[in-house]
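This is target-v3.cif (mmCIF, C-alpha atoms).
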data_my_file
#
loop_
_atom_site.label_atom_id
_atom_site.label_comp_id
_atom_site.auth_asym_id
_atom_site.auth_seq_id
_atom_site.Cartn_x
_atom_site.Cartn_y
_atom_site.Cartn_z
CA MET A 513 -13.91 -17.88 7.66
CA ILE A 514 -15.63 -20.89 9.20
CA LEU A 515 -12.92 -21.35 11.85
CA THR A 516 -12.99 -17.67 12.81
CA GLY A 517 -16.78 -17.38 12.84
CA GLY A 518 -17.24 -20.59 14.80
CA PHE A 519 -14.83 -19.63 17.53
CA MET A 520 -16.26 -16.09 17.70
CA VAL A 521 -19.49 -17.59 19.07
CA ALA A 522 -17.54 -19.43 21.77
CA GLU A 523 -15.67 -16.25 22.72
CA VAL A 524 -18.86 -14.22 23.08
CA ALA A 525 -20.26 -16.84 25.43
CA GLY A 526 -16.96 -16.99 27.32
CA SER A 527 -16.75 -13.21 27.72
CA LEU A 528 -20.28 -13.10 29.15
CA VAL A 529 -19.43 -15.85 31.65
CA THR A 530 -16.02 -14.50 32.70
CA GLY A 531 -16.67 -10.77 32.32
CA SER A 532 -13.48 -10.25 30.32
CA LEU A 533 -13.20 -7.24 28.01
CA ALA A 534 -10.19 -8.79 26.31
CA LEU A 535 -12.30 -11.78 25.27
CA LEU A 536 -15.25 -9.60 24.26
CA ALA A 537 -13.00 -7.28 22.24
CA ASP A 538 -11.42 -10.26 20.53
CA ALA A 539 -14.89 -11.71 19.82
CA GLY A 540 -16.02 -8.44 18.28
CA HIS A 541 -12.87 -8.36 16.22
CA MET A 542 -13.44 -11.95 15.08
CA LEU A 543 -17.00 -11.07 14.05
CA THR A 544 -15.70 -8.47 11.61
CA ASP A 545 -12.92 -10.86 10.63
CA SER A 546 -15.48 -13.41 9.50
CA ALA A 547 -17.11 -10.74 7.36
CA SER A 548 -13.74 -9.51 6.06
CA LEU A 549 -12.62 -13.02 5.16
CA ALA A 550 -15.90 -13.54 3.32
CA LEU A 551 -15.34 -10.24 1.51
CA ALA A 552 -11.76 -11.23 0.68
CA TRP A 553 -12.95 -14.56 -0.71
CA VAL A 554 -15.63 -12.93 -2.87
CA ALA A 555 -13.07 -10.37 -4.10
CA ALA A 556 -10.60 -13.12 -4.98
CA ARG A 557 -13.28 -14.92 -6.97
CA LEU A 558 -14.40 -11.76 -8.78
CA THR A 559 -10.81 -10.91 -9.68
CA GLN A 560 -10.64 -14.08 -11.77
CA ARG A 561 -13.42 -12.88 -14.05
CA PRO A 562 -12.23 -11.84 -17.52
CA ALA A 563 -12.42 -8.29 -18.81
CA ASN A 564 -15.43 -7.28 -20.86
CA ALA A 565 -16.73 -4.30 -22.83
CA ARG A 566 -17.87 -2.48 -19.67
CA LYS A 567 -15.00 -3.60 -17.39
CA THR A 568 -12.07 -3.29 -19.79
CA TYR A 569 -9.51 -3.87 -17.01
CA GLY A 570 -11.52 -6.72 -15.52
CA TYR A 571 -12.31 -6.93 -11.81
CA HIS A 572 -8.82 -6.61 -10.33
CA ARG A 573 -9.73 -3.47 -8.38
CA VAL A 574 -12.28 -5.43 -6.34
CA GLN A 575 -9.46 -6.75 -4.15
CA VAL A 576 -8.30 -3.20 -3.43
CA LEU A 577 -11.85 -2.16 -2.50
CA ALA A 578 -12.09 -5.16 -0.18
CA ALA A 579 -8.79 -4.24 1.49
CA PHE A 580 -9.99 -0.63 1.95
CA VAL A 581 -13.25 -1.76 3.58
CA ASN A 582 -11.37 -4.20 5.81
CA GLY A 583 -8.96 -1.47 6.90
CA LEU A 584 -11.81 0.88 7.80
CA ALA A 585 -13.53 -1.90 9.75
CA LEU A 586 -10.34 -2.48 11.73
CA LEU A 587 -10.06 1.20 12.61
CA LEU A 588 -13.67 1.25 13.83
CA ILE A 589 -12.98 -1.81 16.01
CA VAL A 590 -9.90 -0.12 17.46
CA GLY A 591 -12.01 2.91 18.34
CA TRP A 592 -14.57 0.76 20.15
CA ILE A 593 -11.87 -1.17 22.07
CA LEU A 594 -10.22 2.11 23.16
CA PHE A 595 -13.52 3.52 24.40
CA GLU A 596 -14.46 0.38 26.31
CA ALA A 597 -10.96 -0.07 27.77
CA VAL A 598 -10.81 3.49 29.12
CA ARG A 599 -14.28 3.06 30.66
CA ARG A 600 -13.18 -0.14 32.38
CA LEU A 601 -9.96 1.37 33.66
CA TRP A 602 -12.04 3.71 35.80
CA ALA A 603 -14.15 0.86 37.19
CA PRO A 604 -12.49 -2.54 36.54
CA PRO A 605 -15.07 -5.37 36.73
CA GLU A 606 -14.36 -8.79 38.24
CA VAL A 607 -12.95 -11.24 35.70
CA ALA A 608 -12.89 -15.05 36.04
CA GLY A 609 -9.24 -15.70 35.22
CA THR A 610 -9.37 -19.50 34.85
CA GLY A 611 -12.22 -19.57 32.34
CA MET A 612 -10.72 -16.64 30.48
CA LEU A 613 -7.38 -18.44 30.20
CA ALA A 614 -8.92 -21.63 28.81
CA ILE A 615 -10.92 -19.81 26.14
CA ALA A 616 -7.98 -17.58 25.19
CA ILE A 617 -5.66 -20.58 24.70
CA VAL A 618 -8.15 -22.28 22.36
CA GLY A 619 -8.55 -18.97 20.51
CA LEU A 620 -4.79 -18.67 20.10
CA VAL A 621 -4.61 -22.13 18.53
CA VAL A 622 -7.45 -21.31 16.12
CA ASN A 623 -5.91 -17.98 15.15
CA ILE A 624 -2.49 -19.52 14.56
CA GLY A 625 -4.11 -22.05 12.22
CA VAL A 626 -5.99 -19.36 10.28
CA PHE A 627 -2.90 -17.13 10.16
CA TRP A 628 -0.84 -19.99 8.73
CA LEU A 629 -3.46 -20.69 6.05
CA LEU A 630 -3.47 -17.07 4.89
CA HIS A 631 0.28 -16.61 5.27
CA SER A 632 0.85 -19.45 2.80
CA GLY A 633 -1.07 -17.46 0.15
CA ASP A 634 0.08 -14.60 -2.07
CA ARG A 635 1.60 -12.10 0.36
CA ASP A 636 1.89 -9.42 -2.36
CA ASN A 637 -1.88 -9.43 -2.80
CA ILE A 638 -3.31 -6.44 -0.91
CA ASN A 639 -6.62 -8.25 -0.38
CA ILE A 640 -4.95 -11.21 1.34
CA ARG A 641 -2.75 -8.83 3.33
CA GLY A 642 -5.85 -7.03 4.56
CA ALA A 643 -7.44 -10.30 5.69
CA LEU A 644 -4.12 -11.35 7.21
CA LEU A 645 -4.00 -8.16 9.29
CA HIS A 646 -7.45 -8.94 10.68
CA VAL A 647 -6.31 -12.40 11.73
CA LEU A 648 -3.06 -11.00 13.15
CA GLY A 649 -5.20 -8.68 15.26
CA ASP A 650 -7.13 -11.71 16.51
CA LEU A 651 -3.89 -13.49 17.33
CA LEU A 652 -2.63 -10.48 19.31
CA GLY A 653 -5.98 -10.32 21.08
CA SER A 654 -5.66 -13.95 22.13
CA VAL A 655 -2.12 -13.37 23.42
CA ALA A 656 -3.32 -10.31 25.37
CA ALA A 657 -6.20 -12.31 26.83
CA ILE A 658 -3.84 -15.11 27.93
CA ALA A 659 -1.45 -12.64 29.56
CA ALA A 660 -4.31 -10.85 31.30
CA ALA A 661 -5.78 -14.12 32.56
CA VAL A 662 -2.43 -15.23 34.00
CA VAL A 663 -1.91 -11.89 35.79
CA ILE A 664 -5.45 -11.98 37.20
CA MET A 665 -5.02 -15.56 38.44
CA LEU A 666 -1.67 -14.78 40.08
CA THR A 667 -2.30 -11.30 41.48
CA GLY A 668 -6.00 -10.53 41.18
CA TRP A 669 -5.15 -7.18 39.52
CA MET A 670 -8.18 -6.51 37.26
CA PRO A 671 -6.97 -3.40 35.36
CA ILE A 672 -4.56 -5.64 33.40
CA ASP A 673 -7.49 -6.77 31.23
CA PRO A 674 -8.30 -3.34 29.71
CA LEU A 675 -4.62 -2.32 29.70
CA LEU A 676 -3.60 -5.23 27.50
CA SER A 677 -6.66 -4.57 25.32
CA LEU A 678 -5.27 -1.06 24.76
CA LEU A 679 -1.89 -2.48 23.76
CA ALA A 680 -3.44 -4.90 21.26
CA ALA A 681 -5.60 -2.09 19.86
CA ALA A 682 -2.54 0.12 19.31
CA LEU A 683 -0.74 -2.64 17.39
CA ILE A 684 -3.83 -3.30 15.26
CA ALA A 685 -4.33 0.43 14.56
CA ARG A 686 -0.85 0.81 13.07
CA SER A 687 -1.34 -2.04 10.60
CA ALA A 688 -4.94 -1.01 9.84
CA TRP A 689 -3.89 2.53 8.97
CA LYS A 690 -1.16 1.24 6.68
CA ILE A 691 -3.47 -1.04 4.69
CA THR A 692 -6.22 1.61 4.54
CA SER A 693 -3.92 4.39 3.34
CA GLN A 694 -2.24 2.13 0.78
CA SER A 695 -5.52 0.91 -0.71
CA ALA A 696 -6.90 4.50 -0.74
CA HIS A 697 -3.76 5.64 -2.58
CA ILE A 698 -4.34 2.97 -5.25
CA LEU A 699 -8.04 3.86 -5.57
CA LEU A 700 -7.04 7.52 -6.06
CA GLU A 701 -4.73 6.48 -8.94
CA GLY A 702 -1.63 7.44 -6.97
CA ALA A 703 1.82 6.60 -8.32
CA PRO A 704 3.54 3.54 -6.80
CA ALA A 705 6.04 4.39 -4.09
CA HIS A 706 9.00 3.02 -6.08
CA ILE A 707 8.37 5.20 -9.17
CA ASP A 708 8.97 8.96 -9.31
CA SER A 709 7.17 10.36 -12.37
CA ALA A 710 9.21 13.55 -12.48
CA GLN A 711 12.47 11.61 -12.19
CA LEU A 712 11.33 9.25 -14.93
CA MET A 713 10.93 12.20 -17.33
CA HIS A 714 14.56 13.04 -16.67
CA ASP A 715 15.98 9.49 -16.67
CA ILE A 716 14.53 8.06 -19.89
CA PRO A 717 16.12 10.60 -22.31
CA HIS A 718 19.44 10.28 -20.48
CA ALA A 719 19.37 6.48 -20.50
CA LEU A 720 18.13 6.07 -24.08
CA ASP A 721 20.12 7.78 -26.85
CA ASP A 722 17.22 7.56 -29.31
CA ILE A 723 14.83 9.60 -27.16
CA HIS A 724 14.92 13.40 -27.13
CA SER A 725 12.36 13.98 -24.36
CA VAL A 726 9.48 12.45 -22.42
CA HIS A 727 6.44 14.21 -20.99
CA HIS A 728 2.80 13.68 -19.94
CA VAL A 729 3.90 10.80 -17.71
CA HIS A 730 1.10 9.18 -15.71
CA VAL A 731 1.80 6.20 -13.46
CA TRP A 732 -0.78 4.35 -11.36
CA SER A 733 -1.61 0.87 -10.09
CA LEU A 734 -4.53 -1.34 -10.95
CA THR A 735 -3.40 -3.45 -8.00
CA PRO A 736 -0.05 -3.37 -6.15
CA GLU A 737 1.18 -6.10 -8.52
CA ARG A 738 -0.12 -4.44 -11.72
CA VAL A 739 1.55 -1.10 -12.38
CA MET A 740 0.44 0.91 -15.43
CA ILE A 741 2.00 3.86 -17.24
CA THR A 742 1.21 6.18 -20.13
CA LEU A 743 3.64 8.73 -21.57
CA HIS A 744 4.40 10.87 -24.59
CA ALA A 745 7.86 10.57 -26.12
CA VAL A 746 9.70 12.68 -28.70
CA PRO A 747 12.43 10.64 -30.46
CA HIS A 748 15.42 12.19 -32.19
CA ASP A 749 15.26 12.87 -35.92
CA GLY A 750 15.62 9.76 -38.00
CA VAL A 751 14.68 7.32 -35.22
CA ASP A 752 12.02 4.82 -36.26
CA GLN A 753 8.78 5.19 -34.29
CA ASP A 754 8.40 1.47 -33.58
CA HIS A 755 12.01 1.29 -32.41
CA ALA A 756 11.47 4.23 -30.04
CA ILE A 757 8.41 2.54 -28.52
CA MET A 758 10.30 -0.75 -28.17
CA VAL A 759 13.32 0.71 -26.34
CA ILE A 760 11.11 2.66 -23.93
CA ARG A 761 9.01 -0.41 -23.15
CA GLU A 762 12.10 -2.54 -22.57
CA TYR A 763 13.59 0.11 -20.26
CA LEU A 764 10.41 0.37 -18.16
CA ARG A 765 9.95 -3.38 -17.91
CA LYS A 766 13.58 -3.98 -16.94
CA HIS A 767 13.88 -1.24 -14.32
CA PHE A 768 10.36 -1.01 -12.90
CA ASP A 769 8.60 -4.26 -13.81
CA ILE A 770 5.66 -2.35 -15.31
CA ALA A 771 3.07 -4.65 -16.89
CA HIS A 772 0.95 -2.23 -18.94
CA ILE A 773 2.80 0.43 -20.96
CA THR A 774 1.27 2.90 -23.41
CA VAL A 775 3.67 5.13 -25.36
CA GLN A 776 2.53 7.92 -27.67
CA ILE A 777 5.16 9.14 -30.13
CA GLU A 778 5.14 12.82 -31.06
CA ARG A 779 6.88 14.42 -34.00
CA GLN A 780 5.74 18.02 -33.90
CA THR A 781 7.21 21.49 -33.91
CA TYR A 782 6.49 22.10 -30.26
CA CYS A 783 4.24 20.82 -27.50
CA ILE A 784 3.27 22.20 -24.12
CA GLU A 785 4.01 19.70 -21.39
CA ARG A 786 1.79 19.45 -18.34
CA GLY A 787 3.48 16.74 -16.28
CA PRO A 788 2.90 15.41 -12.77
CA GLY A 789 4.38 18.61 -11.36
CA ILE A 790 1.69 20.73 -13.12
CA GLY A 791 4.52 22.78 -14.67
CA GLU A 792 4.78 23.66 -18.34
CA ARG A 793 7.74 23.30 -20.64
CA THR A 794 8.07 23.93 -24.35
CA HIS A 795 9.75 21.27 -26.47
CA GLU A 796 11.14 22.46 -29.78
CA HIS A 797 11.85 19.62 -32.10
CA GLY A 798 12.51 19.74 -35.81
CA GLY A 799 11.66 22.76 -37.95
CA PRO A 800 10.74 26.36 -37.24
CA ARG A 801 8.09 27.35 -34.69
CA HIS A 802 4.71 28.32 -36.14
CA ALA A 803 3.07 31.58 -35.22
CA ARG A 804 0.23 31.42 -32.69
CA GLY A 805 -2.95 30.33 -34.40
CA ALA A 806 -1.15 28.79 -37.39
CA PRO A 807 -1.86 25.11 -38.20
#

So, in terms of structure tokens, how does the structure I just supplied come out?
Amino acid sequence: MILTGGFMVAEVAGSLVTGSLALLADAGHMLTDSASLALAWVAARLTQRPANARKTYGYHRVQVLAAFVNGLALLLIVGWILFEAVRRLWAPPEVAGTGMLAIAIVGLVVNIGVFWLLHSGDRDNINIRGALLHVLGDLLGSVAAIAAAVVIMLTGWMPIDPLLSLLAAALIARSAWKITSQSAHILLEGAPAHIDSAQLMHDIPHALDDIHSVHHVHVWSLTPERVMITLHAVPHDGVDQDHAIMVIREYLRKHFDIAHITVQIERQTYCIERGPGIGERTHEHGGPRHARGAP
């Protein structure tokens, strides 16, 4: 955060002196990066807080919120770069290539250092990945600025500055959309990509001889690393309830690495299933069906 914020000041000054959009775009990006890195740090600290009576799952979701905010900030930056680049393509200003090159090289070194620091962290953590994408955008911006400066020094062709800014913006937009959509999916309690709830309802009874059927399956993520599931299971007659819960938990842990599993055992005449597909199915299990309204 300190490295990024400190160099951002130098880039702003350099862009004003040289007139480079690539430097100014990178400086604007680094400004939000400093804020995003601060947000990521605060989120990482809050995540370590223990659960309490009001936050029974703790503060793990803070990192997902931070990643979502960082992704939105990146998309806003991309929009601004696109607008400014198109405006400059119509009337390219003069850019001082030598000064631009010197500042861009220093920026590249700083961004490589920051990228290496973050890359050595937990790459499965969506919060760190969000911060890493910001820094990757900075790194691409520095590379674009270097390339633009070299072209300007060799040929004097000024449109290269906004053109390379457009290229960097397109690369940033792709990653920003991915991190934003993924974090939004988690916040909306969406099922992880590697788990199909409907298929799970089919697979568990076929894989486990003790289980007659499974329904009311709900799968979501607290964070990308912490998958959670609740389900209702109907074991076959004579199967011990604790044994049924144990075999289901072992199956889910082995095949899907699910950390938090809640299994409700049902032994009833029939139940109406409303699963992830919104459909209904009647399970008949043990004994005659009661008339409607009967206990």

Given the file shown, determine the residues that the PyMOL selection byres ((chain A and resi 773) around 7) selects; report them as a PDB file with C-alpha atoms, keeping the file's coordinate frame.
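Output file part_36.pdb is given in full below:
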ATOM      1  CA  MET A 740       0.440   0.910 -15.430  1.00  0.00           C
ATOM      2  CA  ILE A 741       2.000   3.860 -17.240  1.00  0.00           C
ATOM      3  CA  THR A 742       1.210   6.180 -20.130  1.00  0.00           C
ATOM      4  CA  ARG A 761       9.010  -0.410 -23.150  1.00  0.00           C
ATOM      5  CA  ILE A 770       5.660  -2.350 -15.310  1.00  0.00           C
ATOM      6  CA  ALA A 771       3.070  -4.650 -16.890  1.00  0.00           C
ATOM      7  CA  HIS A 772       0.950  -2.230 -18.940  1.00  0.00           C
ATOM      8  CA  THR A 774       1.270   2.900 -23.410  1.00  0.00           C
ATOM      9  CA  VAL A 775       3.670   5.130 -25.360  1.00  0.00           C
TER      10      VAL A 775
END

Worksheet item: Selected by the PyMOL selection byres ((chain A and resi 693-696) around 9) in the shown coordinates: which residues, as a list in words?
Response: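 Checking the PyMOL selection byres ((chain A and resi 693-696) around 9) against this file, the residues are Val576, Leu577, Ala578, Ala579, Phe580, Gly583, Ile638, Ala688, Trp689, Lys690, Ile691, Thr692, His697, Ile698, Leu699, Leu700, Glu701, Gly702, Thr735 and Pro736 of chain A.
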
Discussion item. I need the output of the PyMOL selection byres ((chain A and resi 728) around 6) for this file as a PyMOL selection string; which residues are they?
Written reply: chain A and resi 727+729+743-744+787

Fill in: Polymer residues at most 10 Å from (-5.1, -10.3, 22.6) by only C-alpha atoms, as a PyMOL selection string
chain A and resi 534-535+537-538+616+619-620+648-660+673+676-681

Worksheet entry | Interatomic distance, CA of Ala745 in chain A to CA of Ala705 in chain A (Å, one decimal) |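 So the two atoms, CA of Ala745 in chain A and CA of Ala705 in chain A, lie 23.0 Å apart.
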
Centre, edges in Å (one decimal): axis-aligned box, range 516-527 of chain A, 4 Å padding on all six sides, as AutoDock Vina command-line options:
--center_x -16.6 --center_y -16.9 --center_z 20.3 --size_x 15.3 --size_y 15.4 --size_z 22.9

Practice prompt. For each of A:Asp545, A:Arg779, A:His767, A:Val598, take the minimum atom-to-atom distance to Asp752 in chain A, counting only C-alpha atoms, then give the residue where this is smallest.
Written response: A:Arg779

Item to complete: Have a look at A:Leu720, A:Ile617, A:Ala608, A:Ile593 and name the one nearest to Met665 in chain A; count all atoms listed in the file.
Response: A:Ala608

Worksheet item: Quick one, how far is CA of Ser733 in chain A from CA of Gln753 in chain A?
Response: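 Between CA of Ser733 in chain A and CA of Gln753 in chain A the gap works out to 26.7 Å.
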
Write out as a PDB file with C-alpha atoms, in the coordinates of the input each polymer residue whose atoms come within 12 Å of Ala585 in chain A, counting only C-alpha atoms; drop sequence neighbours fewer than 2 positions from it.
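Done, and the output landed in around-v7.pdb:
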ATOM      1  CA  GLY A 540     -16.020  -8.440  18.280  1.00  0.00           C
ATOM      2  CA  HIS A 541     -12.870  -8.360  16.220  1.00  0.00           C
ATOM      3  CA  MET A 542     -13.440 -11.950  15.080  1.00  0.00           C
ATOM      4  CA  LEU A 543     -17.000 -11.070  14.050  1.00  0.00           C
ATOM      5  CA  THR A 544     -15.700  -8.470  11.610  1.00  0.00           C
ATOM      6  CA  ASP A 545     -12.920 -10.860  10.630  1.00  0.00           C
ATOM      7  CA  SER A 546     -15.480 -13.410   9.500  1.00  0.00           C
ATOM      8  CA  ALA A 547     -17.110 -10.740   7.360  1.00  0.00           C
ATOM      9  CA  SER A 548     -13.740  -9.510   6.060  1.00  0.00           C
ATOM     10  CA  LEU A 551     -15.340 -10.240   1.510  1.00  0.00           C
ATOM     11  CA  ALA A 578     -12.090  -5.160  -0.180  1.00  0.00           C
ATOM     12  CA  ALA A 579      -8.790  -4.240   1.490  1.00  0.00           C
ATOM     13  CA  PHE A 580      -9.990  -0.630   1.950  1.00  0.00           C
ATOM     14  CA  VAL A 581     -13.250  -1.760   3.580  1.00  0.00           C
ATOM     15  CA  ASN A 582     -11.370  -4.200   5.810  1.00  0.00           C
ATOM     16  CA  GLY A 583      -8.960  -1.470   6.900  1.00  0.00           C
ATOM     17  CA  LEU A 587     -10.060   1.200  12.610  1.00  0.00           C
ATOM     18  CA  LEU A 588     -13.670   1.250  13.830  1.00  0.00           C
ATOM     19  CA  ILE A 589     -12.980  -1.810  16.010  1.00  0.00           C
ATOM     20  CA  VAL A 590      -9.900  -0.120  17.460  1.00  0.00           C
ATOM     21  CA  GLY A 591     -12.010   2.910  18.340  1.00  0.00           C
ATOM     22  CA  TRP A 592     -14.570   0.760  20.150  1.00  0.00           C
ATOM     23  CA  GLY A 642      -5.850  -7.030   4.560  1.00  0.00           C
ATOM     24  CA  ALA A 643      -7.440 -10.300   5.690  1.00  0.00           C
ATOM     25  CA  LEU A 645      -4.000  -8.160   9.290  1.00  0.00           C
ATOM     26  CA  HIS A 646      -7.450  -8.940  10.680  1.00  0.00           C
ATOM     27  CA  ILE A 684      -3.830  -3.300  15.260  1.00  0.00           C
ATOM     28  CA  ALA A 685      -4.330   0.430  14.560  1.00  0.00           C
ATOM     29  CA  ALA A 688      -4.940  -1.010   9.840  1.00  0.00           C
ATOM     30  CA  TRP A 689      -3.890   2.530   8.970  1.00  0.00           C
ATOM     31  CA  ILE A 691      -3.470  -1.040   4.690  1.00  0.00           C
ATOM     32  CA  THR A 692      -6.220   1.610   4.540  1.00  0.00           C
TER      33      THR A 692
END

Fill in: One-decimal distance in Å that lies between CA of Met520 in chain A and CA of Ala539 in chain A
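CA of Ala539 in chain A sits 5.1 Å away from CA of Met520 in chain A.
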
Place N, CA and C atoms on range 586-614 of chain A and deliver the coordinates as an mmCIF file, keeping the file's coordinate frame.
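File written: result.cif
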data_model
loop_
_atom_site.group_PDB
_atom_site.id
_atom_site.type_symbol
_atom_site.label_atom_id
_atom_site.label_comp_id
_atom_site.auth_asym_id
_atom_site.auth_seq_id
_atom_site.Cartn_x
_atom_site.Cartn_y
_atom_site.Cartn_z
ATOM 1 N N LEU A 586 -11.323 -2.327 10.651
ATOM 2 C CA LEU A 586 -10.340 -2.480 11.730
ATOM 3 C C LEU A 586 -10.209 -1.209 12.555
ATOM 4 N N LEU A 587 -10.188 -0.064 11.891
ATOM 5 C CA LEU A 587 -10.060 1.200 12.610
ATOM 6 C C LEU A 587 -11.284 1.462 13.494
ATOM 7 N N LEU A 588 -12.460 1.097 13.016
ATOM 8 C CA LEU A 588 -13.670 1.250 13.830
ATOM 9 C C LEU A 588 -13.610 0.342 15.065
ATOM 10 N N ILE A 589 -13.114 -0.878 14.875
ATOM 11 C CA ILE A 589 -12.980 -1.810 16.010
ATOM 12 C C ILE A 589 -12.004 -1.255 17.038
ATOM 13 N N VAL A 590 -10.896 -0.705 16.559
ATOM 14 C CA VAL A 590 -9.900 -0.120 17.460
ATOM 15 C C VAL A 590 -10.533 0.998 18.288
ATOM 16 N N GLY A 591 -11.343 1.838 17.624
ATOM 17 C CA GLY A 591 -12.010 2.910 18.340
ATOM 18 C C GLY A 591 -12.921 2.399 19.444
ATOM 19 N N TRP A 592 -13.666 1.336 19.141
ATOM 20 C CA TRP A 592 -14.570 0.760 20.150
ATOM 21 C C TRP A 592 -13.791 0.155 21.316
ATOM 22 N N ILE A 593 -12.689 -0.559 21.016
ATOM 23 C CA ILE A 593 -11.870 -1.170 22.070
ATOM 24 C C ILE A 593 -11.284 -0.079 22.975
ATOM 25 N N LEU A 594 -10.791 1.014 22.368
ATOM 26 C CA LEU A 594 -10.220 2.110 23.160
ATOM 27 C C LEU A 594 -11.260 2.709 24.102
ATOM 28 N N PHE A 595 -12.456 2.944 23.576
ATOM 29 C CA PHE A 595 -13.520 3.520 24.400
ATOM 30 C C PHE A 595 -13.865 2.601 25.570
ATOM 31 N N GLU A 596 -14.056 1.321 25.276
ATOM 32 C CA GLU A 596 -14.460 0.380 26.310
ATOM 33 C C GLU A 596 -13.337 0.156 27.326
ATOM 34 N N ALA A 597 -12.085 0.143 26.862
ATOM 35 C CA ALA A 597 -10.960 -0.070 27.770
ATOM 36 C C ALA A 597 -10.805 1.093 28.747
ATOM 37 N N VAL A 598 -10.921 2.318 28.243
ATOM 38 C CA VAL A 598 -10.810 3.490 29.120
ATOM 39 C C VAL A 598 -11.943 3.477 30.159
ATOM 40 N N ARG A 599 -13.141 3.126 29.724
ATOM 41 C CA ARG A 599 -14.280 3.060 30.660
ATOM 42 C C ARG A 599 -14.012 2.035 31.759
ATOM 43 N N ARG A 600 -13.426 0.908 31.398
ATOM 44 C CA ARG A 600 -13.180 -0.140 32.380
ATOM 45 C C ARG A 600 -11.993 0.161 33.284
ATOM 46 N N LEU A 601 -11.082 0.982 32.804
ATOM 47 C CA LEU A 601 -9.960 1.370 33.660
ATOM 48 C C LEU A 601 -10.446 2.162 34.872
ATOM 49 N N TRP A 602 -11.491 2.943 34.700
ATOM 50 C CA TRP A 602 -12.040 3.710 35.800
ATOM 51 C C TRP A 602 -12.779 2.825 36.798
ATOM 52 N N ALA A 603 -13.393 1.768 36.293
ATOM 53 C CA ALA A 603 -14.150 0.860 37.190
ATOM 54 C C ALA A 603 -13.952 -0.573 36.718
ATOM 55 N N PRO A 604 -12.779 -1.187 37.021
ATOM 56 C CA PRO A 604 -12.490 -2.540 36.540
ATOM 57 C C PRO A 604 -13.472 -3.566 37.111
ATOM 58 N N PRO A 605 -14.155 -4.335 36.240
ATOM 59 C CA PRO A 605 -15.070 -5.370 36.730
ATOM 60 C C PRO A 605 -14.303 -6.625 37.145
ATOM 61 N N GLU A 606 -14.966 -7.504 37.879
ATOM 62 C CA GLU A 606 -14.360 -8.790 38.240
ATOM 63 C C GLU A 606 -14.295 -9.682 37.003
ATOM 64 N N VAL A 607 -13.161 -10.349 36.845
ATOM 65 C CA VAL A 607 -12.950 -11.240 35.700
ATOM 66 C C VAL A 607 -12.567 -12.615 36.217
ATOM 67 N N ALA A 608 -13.215 -13.666 35.672
ATOM 68 C CA ALA A 608 -12.890 -15.050 36.040
ATOM 69 C C ALA A 608 -11.659 -15.490 35.262
ATOM 70 N N GLY A 609 -10.501 -15.459 35.908
ATOM 71 C CA GLY A 609 -9.240 -15.700 35.220
ATOM 72 C C GLY A 609 -9.101 -17.081 34.623
ATOM 73 N N THR A 610 -9.559 -18.130 35.330
ATOM 74 C CA THR A 610 -9.370 -19.500 34.850
ATOM 75 C C THR A 610 -10.136 -19.750 33.555
ATOM 76 N N GLY A 611 -11.418 -19.394 33.549
ATOM 77 C CA GLY A 611 -12.220 -19.570 32.340
ATOM 78 C C GLY A 611 -11.710 -18.739 31.192
ATOM 79 N N MET A 612 -11.278 -17.521 31.497
ATOM 80 C CA MET A 612 -10.720 -16.640 30.480
ATOM 81 C C MET A 612 -9.474 -17.243 29.848
ATOM 82 N N LEU A 613 -8.612 -17.831 30.686
ATOM 83 C CA LEU A 613 -7.380 -18.440 30.200
ATOM 84 C C LEU A 613 -7.666 -19.607 29.267
ATOM 85 N N ALA A 614 -8.606 -20.464 29.630
ATOM 86 C CA ALA A 614 -8.920 -21.630 28.810
ATOM 87 C C ALA A 614 -9.434 -21.224 27.434
#
